Amino acid sequence: MKVKGGPRTAVIAVTLNCNARCVMCDIWKEPVEGEMAPGEYATLPDSLRDINVSGGEPFLRDDLPEIIAVLRSTCPRARLVISSHGFMTDKIARLLPPILKTAPDIGLRVSLDAIGEEHDAIRGVPGGFERARATLDLARSLGVRDLGIGVTILEQNLHALRPLYEFTREHGLVFSTTVATDSPIYFGPGKSQLRPTDIGRLRDALNPIIRREFRRARPKAWIRGWFESRLVEYLASGTRPLPCDAGEGFFYLDSHATVHACHVRSLRMGSLREHNFDDIWHGPDASAARKEAGACHACWMVCTAKTQIRHRAGRIALRTLAEKARAHVR
């Protein structure tokens, strides 16, 4: 059953297995079985406009092309983006061509947290940086146009943010950021302790990047500049710049078919193996989850902010233009 006026954004973990050893995520510590088959994704709502196909590591699934085909058919108006650590270049070379046949506009974000061996240390994989860079080159050669990196900001990699940004400008990649975050159902506990503690150093690292994003000719870059400036505010104050609408505009689906309000809090809404999405979305557990999420300040991520940014598009556009003007003056 399709949901009218339903959620617009989702993070879908097609697997919770991972072959990296990242310091900011414990998913790899608990191998899982019995994950959703491709056909089970046909029960998702066609209201979705943004789907982050995540993990674990999505390319561990040999049937990822089939999953993407079902998502494209079920949610034809959704922008699909795969998030990967990029370490399995040879396997990605095999899986990407059939994916591009059904979803030629699909995006790819490869995790990069530093340059060279520093990235390898954060991700726990020797040679990881060179493999990730090879995957980015491969994806471009295969025709992926929506291509970029995702940076998890930690205390230990503040000095690497500007070199990473220069890397993206040199190679024509999107630069996106998040910050280490606790989650009992996803990243694991104690990860917020890895966040930057010196807000002055964080500003020194991010402000030059923010100004350069505002000075670019692409409106999407201006929005990224706006988002990153609010990330600094969030870490300084502990308060989200926009309220969270997890369980309303956004949801998280784990690889065992459980729908959660988000991937940060333990706010279970129901199982697609027990109920259809419409019943879950309008059920009592969903209502309770929304109430808790609305008062939450545990994270500031694009995925949990995107629908609220859309709702406030006019106001944010005015602020963005003002900040863009100031960036040019500076």
# chains A, B, ... in the order shown; residues from 1 in each chain; ligands from 1
$ residues_around --residues "Ile209 (chain A)" --least-positions-apart "5" --cutoff "12 Å" --atoms "only C-alpha atoms" --output "VMD selection string"
chain A and resid 160 to 166 168 to 169 175 to 177 202 to 204 214 to 216 221 to 222 224 to 229 327
$ select_by_dssp --residues "region 71-294 of chain A" --states "helix (DSSP H, G or I)" --output "MDAnalysis selection string"
chainID A and resid 71:74 89:102 117:123 128:142 155:171 191:194 199:215 219:237 277:281 284:293
$ atom_distance --atom1 "CA of Cys296 (chain A)" --atom2 "CA of Ser266 (chain A)"
11.9 Å
$ select_by_dssp --residues "region 148-220 of chain A" --states "strand (DSSP E)" --output "number ranges by chain"
A: 148-153, 174-179
$ closest_residue --among "A:Arg201, A:His256, A:His311, A:Lys220" --to "Val232 (chain A)" --atoms "only C-alpha atoms"
A:Arg201
$ closest_residue --among "A:Asn276, A:Ser192, A:Ser141, A:Thr320" --to "Tyr41 (chain A)" --atoms "only C-alpha atoms"
A:Asn276
$ residues_around --residues "Pro284 (chain A)" --least-positions-apart "6" --cutoff "12 Å" --atoms "only C-alpha atoms" --output "ChimeraX atom specification"
/A:247,267-270,290-291
$ write_last_selection --atoms "all heavy atoms" --output "compact mmCIF listing (two decimals), in the first residue's frame"
# COMPACT_ATOMS: atom_id res chain seq x y z
N GLY A 247 10.80 10.19 11.85
CA GLY A 247 9.51 9.52 12.02
C GLY A 247 8.36 10.25 11.35
O GLY A 247 7.23 9.78 11.37
N LEU A 267 14.19 4.22 18.47
CA LEU A 267 12.78 4.58 18.36
C LEU A 267 12.13 3.70 17.29
O LEU A 267 11.91 4.10 16.15
CB LEU A 267 12.64 6.07 18.00
CG LEU A 267 13.23 7.06 19.00
CD1 LEU A 267 13.19 8.48 18.45
CD2 LEU A 267 12.48 6.99 20.33
N ARG A 268 11.83 2.47 17.67
CA ARG A 268 11.28 1.48 16.73
C ARG A 268 9.84 1.80 16.41
O ARG A 268 9.03 2.08 17.30
CB ARG A 268 11.39 0.08 17.34
CG ARG A 268 10.99 -1.05 16.42
CD ARG A 268 11.07 -2.38 17.17
NE ARG A 268 10.86 -3.52 16.30
CZ ARG A 268 9.65 -3.99 15.95
NH1 ARG A 268 8.56 -3.39 16.43
NH2 ARG A 268 9.54 -5.02 15.14
N MET A 269 9.50 1.73 15.12
CA MET A 269 8.14 2.02 14.68
C MET A 269 7.39 0.76 14.24
O MET A 269 6.16 0.71 14.31
CB MET A 269 8.17 3.04 13.55
CG MET A 269 8.81 4.37 13.97
SD MET A 269 9.08 5.52 12.62
CE MET A 269 7.41 6.06 12.27
N GLY A 270 8.12 -0.26 13.77
CA GLY A 270 7.47 -1.48 13.34
C GLY A 270 8.31 -2.25 12.34
O GLY A 270 9.37 -1.78 11.90
N ARG A 290 7.68 9.82 17.12
CA ARG A 290 7.71 11.21 16.64
C ARG A 290 7.77 12.19 17.80
O ARG A 290 8.46 13.21 17.75
CB ARG A 290 6.47 11.48 15.79
CG ARG A 290 6.48 10.79 14.45
CD ARG A 290 5.28 11.17 13.60
NE ARG A 290 5.23 10.27 12.45
CZ ARG A 290 4.31 9.33 12.28
NH1 ARG A 290 3.34 9.18 13.16
NH2 ARG A 290 4.37 8.55 11.21
N LYS A 291 7.03 11.88 18.85
CA LYS A 291 7.00 12.78 20.00
C LYS A 291 8.38 12.89 20.63
O LYS A 291 8.85 13.98 20.96
CB LYS A 291 5.97 12.28 21.02
CG LYS A 291 5.73 13.24 22.16
CD LYS A 291 4.60 12.72 23.05
CE LYS A 291 3.29 12.67 22.30
NZ LYS A 291 2.16 12.29 23.21
$ atom_distance --atom1 "CA of Leu318 (chain A)" --atom2 "CA of Arg218 (chain A)"
15.6 Å
$ closest_residue --among "A:His85, A:Pro7, A:Leu71, A:Asp50" --to "Arg21 (chain A)" --atoms "only C-alpha atoms"
A:His85
$ closest_residue --among "A:Asp254, A:Glu130, A:Asp182, A:Asp120" --to "Leu194 (chain A)" --atoms "only C-alpha atoms"
A:Asp182
$ atom_distance --atom1 "CA of Gly116 (chain A)" --atom2 "CA of Lys29 (chain A)"
24.5 Å
$ residues_around --residues "Val23 (chain A)" --least-positions-apart "6" --cutoff "8 Å" --atoms "only C-alpha atoms" --output "NGL selection string"
:A and (122-124)
$ residues_around --residues "Pro45 (chain A)" --least-positions-apart "6" --cutoff "12 Å" --atoms "only C-alpha atoms" --output "list of chain:residue names"
A:Met1, A:Lys2, A:Val3, A:Lys4, A:Gly5, A:Gly6, A:Pro7, A:Arg8, A:Thr9, A:Ala10, A:Ile51, A:Leu71, A:Arg72, A:Ser73, A:Thr74, A:Cys75, A:Pro76, A:Arg77, A:Ala78, A:Phe250, A:Phe251, A:Leu272, A:Asn276, A:Phe277, A:Asp278, A:Asp279, A:Ile280, A:Trp281
$ residues_around --residues "region 55-58 of chain A" --least-positions-apart "3" --cutoff "6 Å" --atoms "only C-alpha atoms" --output "PDB file with C-alpha atoms, in the first residue's frame"
ATOM      1  CA  ALA A  13      20.891   0.019   5.514  1.00  0.00           C
ATOM      2  CA  VAL A  14      20.847  -2.845   3.024  1.00  0.00           C
ATOM      3  CA  THR A  15      23.340  -4.670   5.248  1.00  0.00           C
ATOM      4  CA  LEU A  16      24.757  -4.200   8.725  1.00  0.00           C
ATOM      5  CA  ASN A  17      27.852  -6.204   7.840  1.00  0.00           C
ATOM      6  CA  CYS A  18      31.067  -4.299   7.216  1.00  0.00           C
ATOM      7  CA  ARG A  61      25.793  -7.555  -1.031  1.00  0.00           C
ATOM      8  CA  SER A  84      30.456   3.233   0.640  1.00  0.00           C
TER       9      SER A  84
END
$ closest_residue --among "A:Tyr234, A:Lys324, A:Arg140, A:Ala217" --to "Val179 (chain A)" --atoms "only C-alpha atoms"
A:Tyr234
$ residues_around --residues "Glu40 (chain A)" --least-positions-apart "4" --cutoff "9 Å" --atoms "only C-alpha atoms" --output "JSON, numbers by chain"
{"A": [36, 44, 67, 70, 257, 272, 273]}
$ closest_residue --among "A:Ala246, A:Leu60, A:Ala42, A:Leu235" --to "His263 (chain A)" --atoms "only C-alpha atoms"
A:Ala246
